[in-house]
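Coordinates as given in protein-v1.txt (compact mmCIF, C-alpha atoms):
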# COMPACT_ATOMS: atom_id res chain seq x y z
CA MET I 2 -3.57 -23.62 82.54
CA ASN I 3 -0.12 -24.94 81.86
CA TYR I 4 1.21 -22.53 79.22
CA TYR I 5 4.83 -23.63 79.34
CA GLY I 6 4.68 -27.41 79.31
CA THR I 7 5.26 -29.77 82.21
CA GLN I 8 9.02 -29.35 82.68
CA VAL I 9 9.17 -25.57 82.70
CA THR I 10 6.15 -25.40 85.01
CA ALA I 11 7.83 -27.88 87.37
CA LEU I 12 10.98 -25.76 87.35
CA ILE I 13 9.03 -22.59 88.17
CA GLU I 14 7.34 -24.41 91.08
CA GLU I 15 10.70 -25.62 92.43
CA LEU I 16 12.26 -22.16 92.21
CA LYS I 17 9.27 -20.56 93.98
CA ARG I 18 10.06 -22.66 97.03
CA LEU I 19 13.42 -20.92 97.51
CA PRO I 20 13.58 -17.98 99.95
CA GLY I 21 13.05 -14.54 98.42
CA ILE I 22 11.93 -15.96 95.05
CA GLY I 23 8.34 -14.95 94.20
CA PRO I 24 6.25 -16.18 91.26
CA LYS I 25 7.57 -13.51 88.86
CA SER I 26 11.22 -14.05 89.81
CA ALA I 27 10.76 -17.82 89.52
CA GLN I 28 9.33 -17.42 86.02
CA ARG I 29 12.12 -15.09 84.99
CA LEU I 30 14.81 -17.42 86.39
CA ALA I 31 13.21 -20.46 84.75
CA PHE I 32 13.16 -18.79 81.33
CA HIS I 33 16.75 -17.70 81.81
CA ILE I 34 17.80 -21.24 82.74
CA ILE I 35 16.15 -22.89 79.73
CA SER I 36 17.88 -20.37 77.48
CA MET I 37 21.32 -21.18 78.93
CA PRO I 38 23.62 -23.62 77.08
CA GLN I 39 22.93 -27.18 78.25
CA GLU I 40 26.43 -27.55 79.71
CA HIS I 41 25.98 -24.46 81.90
CA VAL I 42 22.75 -25.87 83.30
CA ASP I 43 24.44 -29.22 83.94
CA HIS I 44 27.24 -27.40 85.75
CA LEU I 45 24.81 -25.39 87.89
CA ALA I 46 22.93 -28.57 88.82
CA HIS I 47 26.18 -30.37 89.65
CA THR I 48 27.33 -27.45 91.82
CA LEU I 49 24.08 -27.53 93.80
CA VAL I 50 24.35 -31.24 94.53
CA GLU I 51 28.07 -31.09 95.24
CA ALA I 52 27.72 -28.19 97.69
CA ARG I 53 25.00 -30.04 99.59
CA GLU I 54 26.83 -33.37 99.61
CA LYS I 55 30.21 -32.04 100.66
CA ILE I 56 29.05 -29.66 103.37
CA ARG I 57 30.92 -30.12 106.65
CA TYR I 58 31.04 -28.33 109.97
CA CYS I 59 34.38 -27.50 111.59
CA LYS I 60 34.89 -29.92 114.49
CA TYR I 61 35.84 -27.02 116.76
CA CYS I 62 33.83 -23.91 115.85
CA CYS I 63 30.99 -25.60 113.86
CA THR I 64 31.29 -23.19 110.93
CA ILE I 65 30.50 -24.44 107.43
CA THR I 66 33.71 -25.49 105.73
CA ASP I 67 35.15 -28.19 103.49
CA SER I 68 37.71 -29.72 105.82
CA GLU I 69 37.64 -31.31 109.26
CA VAL I 70 39.01 -28.13 110.85
CA CYS I 71 38.29 -24.72 109.32
CA PRO I 72 41.12 -22.38 108.24
CA ILE I 73 40.55 -20.05 111.21
CA CYS I 74 40.63 -22.81 113.84
CA SER I 75 43.75 -24.28 112.15
CA SER I 76 45.60 -20.97 112.13
CA GLN I 77 48.41 -20.42 114.61
CA LYS I 78 48.19 -16.67 113.97
CA ARG I 79 44.78 -16.39 115.62
CA ASP I 80 44.22 -15.83 119.32
CA HIS I 81 42.56 -19.05 120.46
CA SER I 82 41.84 -17.67 123.93
CA THR I 83 39.10 -15.37 122.61
CA ILE I 84 35.97 -16.90 121.12
CA MET I 85 33.34 -14.82 119.35
CA VAL I 86 29.96 -16.55 119.40
CA VAL I 87 27.85 -15.89 116.30
CA GLU I 88 24.62 -17.33 114.95
CA HIS I 89 25.68 -18.23 111.41
CA THR I 90 28.72 -18.61 109.17
CA GLN I 91 27.61 -15.46 107.32
CA ASP I 92 28.13 -13.50 110.56
CA LEU I 93 31.65 -14.91 110.88
CA ALA I 94 32.30 -13.77 107.30
CA ALA I 95 30.96 -10.30 108.11
CA TYR I 96 33.37 -9.94 111.07
CA GLU I 97 36.28 -11.34 109.06
CA LYS I 98 35.71 -8.64 106.45
CA THR I 99 36.30 -5.93 109.07
CA GLY I 100 39.87 -7.22 109.51
CA GLN I 101 39.58 -6.03 113.15
CA TYR I 102 39.21 -9.37 114.91
CA ASN I 103 42.04 -11.81 115.53
CA GLY I 104 40.35 -14.32 117.84
CA VAL I 105 38.45 -17.43 116.85
CA TYR I 106 34.70 -18.05 116.50
CA HIS I 107 31.95 -20.35 117.58
CA VAL I 108 29.04 -20.68 115.17
CA LEU I 109 25.83 -21.70 116.93
CA GLN I 110 24.05 -22.46 113.62
CA GLY I 111 20.95 -20.76 114.97
CA THR I 112 19.58 -19.23 118.17
CA LEU I 113 17.32 -20.23 120.97
CA VAL I 114 13.74 -19.48 119.92
CA PRO I 115 11.86 -19.35 123.22
CA SER I 116 8.54 -18.64 121.48
CA LEU I 117 8.80 -21.94 119.55
CA GLY I 118 10.39 -23.94 122.33
CA LYS I 119 13.71 -24.22 120.46
CA GLY I 120 16.27 -24.86 123.17
CA PRO I 121 20.05 -25.17 123.59
CA ASP I 122 20.08 -28.79 122.35
CA GLN I 123 18.97 -27.57 118.92
CA ILE I 124 21.92 -25.24 118.39
CA ARG I 125 25.68 -25.88 118.61
CA PHE I 126 25.87 -24.88 122.27
CA LYS I 127 27.10 -28.18 123.72
CA GLU I 128 30.07 -27.92 121.34
CA LEU I 129 30.92 -24.51 122.85
CA MET I 130 30.82 -25.95 126.36
CA ASP I 131 33.06 -28.83 125.25
CA ARG I 132 35.59 -26.39 123.77
CA ILE I 133 35.76 -24.42 126.99
CA GLU I 134 36.00 -27.50 129.23
CA HIS I 135 38.56 -29.32 127.10
CA ALA I 136 40.73 -26.34 126.14
CA ASP I 137 44.47 -27.03 126.40
CA GLN I 138 45.78 -26.00 129.82
CA ASP I 139 48.49 -23.94 128.11
CA ARG I 140 45.93 -21.95 126.12
CA PRO I 141 42.72 -21.64 128.14
CA VAL I 142 39.70 -19.66 126.97
CA LYS I 143 39.90 -16.16 128.46
CA GLU I 144 37.03 -14.32 126.83
CA ILE I 145 33.72 -15.14 125.18
CA ILE I 146 32.37 -12.34 122.98
CA LEU I 147 28.65 -12.72 122.37
CA ALA I 148 27.89 -11.46 118.87
CA THR I 149 24.45 -12.90 118.28
CA ASN I 150 21.99 -10.57 116.53
CA SER I 151 20.23 -7.87 118.53
CA SER I 152 16.89 -9.51 117.78
CA LEU I 153 14.66 -10.99 120.50
CA ASP I 154 16.01 -14.50 119.90
CA GLY I 155 19.61 -13.30 119.59
CA GLU I 156 19.33 -11.44 122.91
CA ALA I 157 17.69 -14.43 124.60
CA THR I 158 20.55 -16.61 123.36
CA ALA I 159 23.17 -14.16 124.68
CA MET I 160 21.41 -14.04 128.05
CA TYR I 161 21.23 -17.82 128.25
CA ILE I 162 24.92 -18.28 127.43
CA THR I 163 25.88 -15.60 129.98
CA LYS I 164 23.87 -17.35 132.68
CA VAL I 165 25.41 -20.76 131.95
CA LEU I 166 29.01 -19.56 131.55
CA LYS I 167 29.13 -16.96 134.36
CA PRO I 168 30.10 -19.59 137.00
CA THR I 169 33.20 -20.57 134.96
CA GLY I 170 34.74 -17.17 135.71
CA ILE I 171 35.58 -16.60 132.03
CA LYS I 172 35.18 -12.97 130.93
CA ILE I 173 31.94 -12.68 128.95
CA THR I 174 31.32 -9.63 126.76
CA ARG I 175 28.55 -8.53 124.43
CA ILE I 176 29.25 -6.50 121.28
CA ALA I 177 28.27 -2.87 121.82
CA SER I 178 24.93 -1.40 120.88
CA GLY I 179 26.39 0.09 117.71
CA VAL I 180 24.52 -2.73 116.07
CA PRO I 181 21.04 -1.41 115.26
CA ILE I 182 18.18 -2.97 117.18
CA GLY I 183 16.38 -5.55 115.05
CA GLY I 184 19.19 -5.57 112.50
CA GLU I 185 20.70 -8.68 110.95
CA LEU I 186 24.47 -8.88 111.52
CA GLU I 187 25.29 -10.01 108.01
CA TYR I 188 23.85 -6.84 106.45
CA ILE I 189 25.66 -4.30 108.62
CA ASP I 190 28.53 -2.21 107.28
CA GLU I 191 32.08 -2.92 108.39
CA VAL I 192 32.63 0.35 110.28
CA THR I 193 29.59 -0.26 112.48
CA LEU I 194 30.69 -3.84 113.12
CA SER I 195 34.20 -2.68 114.06
CA ARG I 196 32.84 -0.04 116.44
CA ALA I 197 30.51 -2.55 118.06
CA LEU I 198 33.51 -4.79 118.67
CA ASP I 199 35.70 -1.98 120.11
CA ARG I 200 33.00 -0.85 122.52
CA ARG I 201 32.00 -4.27 123.75
CA ILE I 202 31.00 -4.31 127.42
CA GLU I 203 31.59 -6.91 130.09
CA LEU I 204 28.43 -8.65 131.30
CA MET N 23 39.18 -15.08 101.79
CA ASN N 24 37.16 -18.23 101.30
CA TYR N 25 35.15 -18.44 104.55
CA TYR N 26 32.72 -21.11 103.45
CA GLY N 27 34.90 -23.73 101.80
CA THR N 28 35.31 -24.42 98.11
CA GLN N 29 31.91 -25.93 97.34
CA VAL N 30 29.72 -23.33 99.02
CA THR N 31 31.79 -20.52 97.49
CA ALA N 32 31.42 -22.15 94.05
CA LEU N 33 27.66 -22.37 94.56
CA ILE N 34 27.44 -18.69 95.53
CA GLU N 35 29.42 -17.76 92.40
CA GLU N 36 27.11 -19.83 90.18
CA LEU N 37 23.96 -18.32 91.70
CA LYS N 38 25.32 -14.77 91.29
CA ARG N 39 25.37 -15.32 87.53
CA LEU N 40 21.57 -15.69 87.42
CA PRO N 41 19.52 -12.58 86.56
CA GLY N 42 18.30 -10.54 89.53
CA ILE N 43 20.48 -12.46 92.01
CA GLY N 44 23.03 -10.18 93.72
CA PRO N 45 25.83 -11.24 96.09
CA LYS N 46 23.64 -11.14 99.21
CA SER N 47 20.77 -13.07 97.60
CA ALA N 48 23.23 -15.62 96.24
CA GLN N 49 24.70 -16.14 99.71
CA ARG N 50 21.24 -16.46 101.25
CA LEU N 51 20.11 -18.93 98.60
CA ALA N 52 23.31 -20.97 98.91
CA PHE N 53 22.91 -21.29 102.67
CA HIS N 54 19.29 -22.25 102.23
CA ILE N 55 20.22 -24.91 99.68
CA ILE N 56 22.90 -26.54 101.82
CA SER N 57 20.42 -26.70 104.71
CA MET N 58 17.83 -28.51 102.56
CA PRO N 59 17.52 -32.32 102.77
CA GLN N 60 19.86 -33.94 100.23
CA GLU N 61 16.94 -35.45 98.27
CA HIS N 62 15.31 -32.04 97.82
CA VAL N 63 18.56 -30.65 96.40
CA ASP N 64 18.88 -33.66 94.09
CA HIS N 65 15.32 -33.08 92.91
CA LEU N 66 15.93 -29.38 92.28
CA ALA N 67 19.08 -30.18 90.28
CA HIS N 68 17.24 -32.86 88.29
CA THR N 69 14.40 -30.43 87.52
CA LEU N 70 16.87 -27.83 86.20
CA VAL N 71 18.55 -30.28 83.84
CA GLU N 72 15.29 -31.89 82.75
CA ALA N 73 13.66 -28.53 81.94
CA ARG N 74 16.64 -27.52 79.82
CA GLU N 75 16.91 -30.89 78.06
CA LYS N 76 13.24 -31.29 77.23
CA ILE N 77 12.52 -27.76 76.07
CA ARG N 78 10.71 -27.66 72.70
CA TYR N 79 9.13 -24.99 70.56
CA CYS N 80 5.68 -25.48 69.04
CA LYS N 81 6.12 -26.19 65.32
CA TYR N 82 3.46 -23.61 64.49
CA CYS N 83 3.59 -20.72 66.96
CA CYS N 84 7.14 -21.27 68.36
CA THR N 85 6.02 -21.02 72.00
CA ILE N 86 7.87 -23.05 74.62
CA THR N 87 6.01 -26.28 75.24
CA ASP N 88 6.61 -30.00 75.78
CA SER N 89 4.96 -31.44 72.68
CA GLU N 90 5.36 -31.00 68.93
CA VAL N 91 2.28 -28.75 68.78
CA CYS N 92 1.29 -26.62 71.79
CA PRO N 93 -2.17 -26.97 73.40
CA ILE N 94 -3.38 -23.67 71.89
CA CYS N 95 -2.36 -24.50 68.33
CA SER N 96 -3.91 -27.99 68.72
CA SER N 97 -7.22 -26.65 69.99
CA GLN N 98 -10.22 -26.68 67.66
CA LYS N 99 -11.96 -24.18 69.95
CA ARG N 100 -9.53 -21.40 69.07
CA ASP N 101 -9.90 -19.04 66.14
CA HIS N 102 -6.96 -19.93 63.90
CA SER N 103 -7.62 -17.03 61.55
CA THR N 104 -6.39 -14.48 64.12
CA ILE N 105 -2.74 -14.56 65.17
CA MET N 106 -1.42 -12.43 68.02
CA VAL N 107 2.32 -11.81 67.66
CA VAL N 108 4.17 -11.57 71.00
CA GLU N 109 7.81 -11.44 71.98
CA HIS N 110 7.95 -14.23 74.58
CA THR N 111 5.96 -17.15 75.96
CA GLN N 112 5.47 -15.12 79.16
CA ASP N 113 3.49 -12.57 77.11
CA LEU N 114 1.29 -15.33 75.71
CA ALA N 115 0.66 -16.48 79.28
CA ALA N 116 -0.21 -12.91 80.33
CA TYR N 117 -2.83 -12.63 77.56
CA GLU N 118 -4.21 -16.10 78.30
CA LYS N 119 -4.81 -15.03 81.89
CA THR N 120 -7.13 -12.24 80.72
CA GLY N 121 -9.48 -14.89 79.25
CA GLN N 122 -10.40 -12.28 76.61
CA TYR N 123 -8.57 -13.68 73.61
CA ASN N 124 -9.69 -16.68 71.58
CA GLY N 125 -7.28 -16.52 68.64
CA VAL N 126 -3.87 -18.15 68.39
CA TYR N 127 -0.38 -16.74 68.91
CA HIS N 128 2.98 -16.40 67.29
CA VAL N 129 5.92 -16.14 69.67
CA LEU N 130 8.88 -14.33 68.09
CA GLN N 131 11.26 -15.38 70.91
CA GLY N 132 12.70 -11.86 70.90
CA THR N 133 12.53 -8.64 68.94
CA LEU N 134 14.54 -6.89 66.33
CA VAL N 135 17.26 -4.87 68.06
CA PRO N 136 18.26 -2.30 65.44
CA SER N 137 20.88 -0.75 67.76
CA LEU N 138 22.72 -4.11 67.96
CA GLY N 139 22.04 -5.15 64.39
CA LYS N 140 19.74 -7.99 65.47
CA GLY N 141 17.56 -8.63 62.45
CA PRO N 142 14.53 -10.71 61.41
CA ASP N 143 16.65 -13.84 60.88
CA GLN N 144 17.43 -13.91 64.61
CA ILE N 145 13.80 -14.07 65.73
CA ARG N 146 11.01 -16.48 64.74
CA PHE N 147 9.76 -14.25 61.93
CA LYS N 148 10.29 -16.62 59.00
CA GLU N 149 8.03 -19.11 60.82
CA LEU N 150 5.28 -16.46 60.91
CA MET N 151 5.62 -15.87 57.17
CA ASP N 152 5.46 -19.64 56.55
CA ARG N 153 2.27 -19.92 58.62
CA ILE N 154 0.59 -17.18 56.61
CA GLU N 155 1.74 -18.51 53.24
CA HIS N 156 0.92 -22.13 53.95
CA ALA N 157 -2.35 -21.63 55.83
CA ASP N 158 -5.14 -24.01 54.79
CA GLN N 159 -7.26 -22.45 52.08
CA ASP N 160 -10.39 -23.21 54.13
CA ARG N 161 -9.04 -21.29 57.12
CA PRO N 162 -6.83 -18.44 55.93
CA VAL N 163 -5.22 -15.93 58.27
CA LYS N 164 -7.50 -12.89 58.48
CA GLU N 165 -5.86 -10.74 61.15
CA ILE N 166 -2.42 -10.28 62.68
CA ILE N 167 -2.49 -8.52 66.06
CA LEU N 168 0.91 -7.05 66.92
CA ALA N 169 1.37 -7.29 70.69
CA THR N 170 5.10 -6.71 71.05
CA ASN N 171 6.13 -4.49 73.95
CA SER N 172 5.83 -0.73 73.63
CA SER N 173 9.61 -0.40 74.00
CA LEU N 174 11.84 0.95 71.23
CA ASP N 175 12.70 -2.55 70.01
CA GLY N 176 9.11 -3.77 70.34
CA GLU N 177 7.85 -0.83 68.29
CA ALA N 178 10.56 -1.32 65.67
CA THR N 179 9.55 -4.97 65.39
CA ALA N 180 5.88 -4.07 64.97
CA MET N 181 6.76 -1.55 62.28
CA TYR N 182 8.92 -4.04 60.43
CA ILE N 183 6.23 -6.74 60.46
CA THR N 184 3.62 -4.22 59.30
CA LYS N 185 5.82 -3.17 56.39
CA VAL N 186 6.49 -6.76 55.29
CA LEU N 187 2.92 -8.03 55.70
CA LYS N 188 1.03 -5.01 54.38
CA PRO N 189 1.22 -6.23 50.73
CA THR N 190 -0.51 -9.52 51.67
CA GLY N 191 -3.73 -7.60 52.35
CA ILE N 192 -4.18 -9.29 55.73
CA LYS N 193 -5.64 -6.96 58.37
CA ILE N 194 -2.83 -5.88 60.70
CA THR N 195 -3.62 -4.35 64.09
CA ARG N 196 -1.57 -3.08 67.02
CA ILE N 197 -2.78 -3.41 70.60
CA ALA N 198 -4.01 -0.07 71.93
CA SER N 199 -1.87 2.37 73.83
CA GLY N 200 -3.40 1.26 77.11
CA VAL N 201 -0.09 -0.49 77.59
CA PRO N 202 2.19 2.00 79.35
CA ILE N 203 5.13 3.26 77.29
CA GLY N 204 8.32 1.47 78.24
CA GLY N 205 6.39 -1.18 80.19
CA GLU N 206 7.03 -4.91 79.97
CA LEU N 207 3.93 -6.86 78.89
CA GLU N 208 4.38 -9.65 81.37
CA TYR N 209 4.09 -7.30 84.38
CA ILE N 210 0.92 -5.50 83.34
CA ASP N 211 -2.42 -6.17 85.05
CA GLU N 212 -5.11 -8.13 83.26
CA VAL N 213 -7.61 -5.25 82.97
CA THR N 214 -5.09 -3.06 81.16
CA LEU N 215 -4.16 -5.91 78.85
CA SER N 216 -7.84 -6.58 78.06
CA ARG N 217 -8.48 -2.91 77.32
CA ALA N 218 -5.45 -2.69 75.07
CA LEU N 219 -6.81 -5.67 73.13
CA ASP N 220 -10.34 -4.21 72.81
CA ARG N 221 -9.07 -0.87 71.54
CA ARG N 222 -6.58 -2.23 69.05
CA ILE N 223 -6.25 -0.08 65.94
CA GLU N 224 -5.75 -1.07 62.34
CA LEU N 225 -2.37 -0.11 60.92
Will you turn the file into structure tokens for me?
Amino acid sequence: MNYYGTQVTALIEELKRLPGIGPKSAQRLAFHIISMPQEHVDHLAHTLVEAREKIRYCKYCCTITDSEVCPICSSQKRDHSTIMVVEHTQDLAAYEKTGQYNGVYHVLQGTLVPSLGKGPDQIRFKELMDRIEHADQDRPVKEIILATNSSLDGEATAMYITKVLKPTGIKITRIASGVPIGGELEYIDEVTLSRALDRRIEL
Amino acid sequence: MNYYGTQVTALIEELKRLPGIGPKSAQRLAFHIISMPQEHVDHLAHTLVEAREKIRYCKYCCTITDSEVCPICSSQKRDHSTIMVVEHTQDLAAYEKTGQYNGVYHVLQGTLVPSLGKGPDQIRFKELMDRIEHADQDRPVKEIILATNSSLDGEATAMYITKVLKPTGIKITRIASGVPIGGELEYIDEVTLSRALDRRIEL
């Protein structure tokens, strides 16, 4: 039975579709939202739509940003000859928080998923190849650091990129095994991330 | 530093203000939302605003609903001489799920909070008094079942209502102590709730 009326029930159903929100959390959130001042709810709704509408990907590294070129790719203080390849923007943020990395990034926006047939065309891999091929002659790419997760798919992605890029002669490294097996990069503490970067090995 | 651009950062900040959503959950939700199709995000935003705008309280029992009188108060199949007093609409829903209760409800929309000086004027208590005083002579209120939580504030509220209503001569009962001390009604299993109802004691 519909105890809460049509609108509140619809809201609970919508919230339940979000990741990590179960039926009880959805109910709790819904009751919180309807108890908020109307203008706060309007603002939340506007922020949702605005974030989705204005989302852009940096034309170089493919990270989520709000300008054509992200602040890191625009910076002259960064070492543009070293590119760290990560799965998601969250992973970039995690490495930035260590303060130990001065190169630039490439955000694949996913990984290969061999078990589901998800291939290189479905991630931002072509954009990485383009960056390497069209790098300015006065600042060529010297090192690619593979920092995909140590999950099955992350490892498969690192192996694939190594295989494709090896013939270019560019140094290819993988972050060290300080990263726990099966762990998600974005949840790892900064010391572990820094150590994994320091101990990276050439492939 | 703002790694995600203004809009995504603003969205994360908004989501962090919701109950039970920490920084990591907010980030995860935000990235999920910006990866949703635009029309799904628009729909979610619309549902939020609509739920807040259209929220109404039943003119009799004060539960959250979408009509002037809620389905339970409108029903001729319910026993209108027995009123169960609960804190929130979620508690009403929890008792409805047991299928063991055929009376009606009164939803206080909160409790007294003696420690913060929150008194009877700040909950829907006057509405309960009005219902009792203005009940049809051919169907008077015969029993008030107090089903506030067994927390300090819930107990204080039950005691207060007992004290005020005792002189009316209406039978006043409290749900049995099957409800665990300190527990929140909405999270308790249906068997325990049913037992607490069966074993209610007269105060």
Review point. Using all atoms listed in the file, which of I:Ser195, I:Thr158, I:Gln123, I:Thr66 sits nearest Tyr26 of chain N?
Key: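 Distance minimum relative to Tyr26 of chain N lands on I:Thr66.
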**Study point:** Interatomic distance, atom CA of Ala73 of chain N to atom CA of Glu15 of chain I (Å, one decimal)
**Key:**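 Taking atom CA of Ala73 of chain N and atom CA of Glu15 of chain I, their separation equals 11.3 Å.
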Non-local contacts of Lys164 of chain I (12 Å; only C-alpha atoms; under 6 positions in same chain excluded) as a short mmCIF file (atom, residue, chain, number, x, y, z; two decimals) with C-alpha atoms, in the frame of the given file:
data_model
loop_
_atom_site.label_atom_id
_atom_site.label_comp_id
_atom_site.auth_asym_id
_atom_site.auth_seq_id
_atom_site.Cartn_x
_atom_site.Cartn_y
_atom_site.Cartn_z
CA ALA I 157 17.69 -14.43 124.60
CA THR I 158 20.55 -16.61 123.36
CA GLY I 170 34.74 -17.17 135.71
CA ILE I 171 35.58 -16.60 132.03
CA ILE I 173 31.94 -12.68 128.95
CA LEU I 204 28.43 -8.65 131.30
#
Revision key, fill the gap. note - atom CA of Tyr188 of chain I and atom CA of Pro59 of chain N are separated by 26.5 Å
Review point. Out of N:Glu72, N:Pro136, N:Lys148, N:Val63, which residue has the shortest atom-to-atom distance to Ala11 of chain I when counting only C-alpha atoms?
Key: N:Glu72
Practice item. Could you please give me, as a list of chain:residue names, the residues of protein, DNA or RNA lying at most 6 Å from (8.7, -6.8, 67.5) in the coordinate frame of the file, considering only C-alpha atoms? Key: N:Thr133, N:Leu134, N:Thr170, N:Gly176, N:Thr179, N:Ala180
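The space between atom CA of Ile34 of chain N and atom CA of Ala52 of chain N spans 5.8 Å.
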Practice item. Could you give me, as a PyMOL selection string, the residues that sit within 9 Å of (20.5, -13.3, 83.1) in the file's coordinates, counting only C-alpha atoms? Key: (chain I and resi 29-30+33-34+37) or (chain N and resi 39-43)
Glu144 of chain I surroundings by only C-alpha atoms, 8 Å radius, close-in-sequence under 3 positions cut, as a compact mmCIF listing (two decimals) with C-alpha atoms, in the frame of the given file:
# COMPACT_ATOMS: atom_id res chain seq x y z
CA SER I 82 41.84 -17.67 123.93
CA THR I 83 39.10 -15.37 122.61
CA ILE I 84 35.97 -16.90 121.12
CA ILE I 171 35.58 -16.60 132.03
CA LYS I 172 35.18 -12.97 130.93
CA ILE I 173 31.94 -12.68 128.95
CA THR I 174 31.32 -9.63 126.76
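Residues in contact with Gly121 of chain N at up to 12 Å, not including ones fewer than 4 positions away on its chain and judged by all atoms listed in the file, are Met2 of chain I; Leu114, Ala115, Ala116, Tyr117, Gly125, Glu212, Val213, Leu215, Ser216 and Leu219 of chain N.
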Write the selection just made, keeping C-alpha atoms, as a PDB file, in the frame of the given file?
ATOM      1  CA  MET I   2      -3.570 -23.620  82.540  1.00  0.00           C
TER       2      MET I   2
ATOM      3  CA  LEU N 114       1.290 -15.330  75.710  1.00  0.00           C
ATOM      4  CA  ALA N 115       0.660 -16.480  79.280  1.00  0.00           C
ATOM      5  CA  ALA N 116      -0.210 -12.910  80.330  1.00  0.00           C
ATOM      6  CA  TYR N 117      -2.830 -12.630  77.560  1.00  0.00           C
ATOM      7  CA  GLY N 125      -7.280 -16.520  68.640  1.00  0.00           C
ATOM      8  CA  GLU N 212      -5.110  -8.130  83.260  1.00  0.00           C
ATOM      9  CA  VAL N 213      -7.610  -5.250  82.970  1.00  0.00           C
ATOM     10  CA  LEU N 215      -4.160  -5.910  78.850  1.00  0.00           C
ATOM     11  CA  SER N 216      -7.840  -6.580  78.060  1.00  0.00           C
ATOM     12  CA  LEU N 219      -6.810  -5.670  73.130  1.00  0.00           C
TER      13      LEU N 219
END
Point to revise | Near-segment 45-49 of chain I list (9 Å; only C-alpha atoms; drop same-chain fewer than 6 positions) as a PyMOL selection string | key: chain N and resi 29-30+32-33+36-37+52+55-56+63-64+66-71
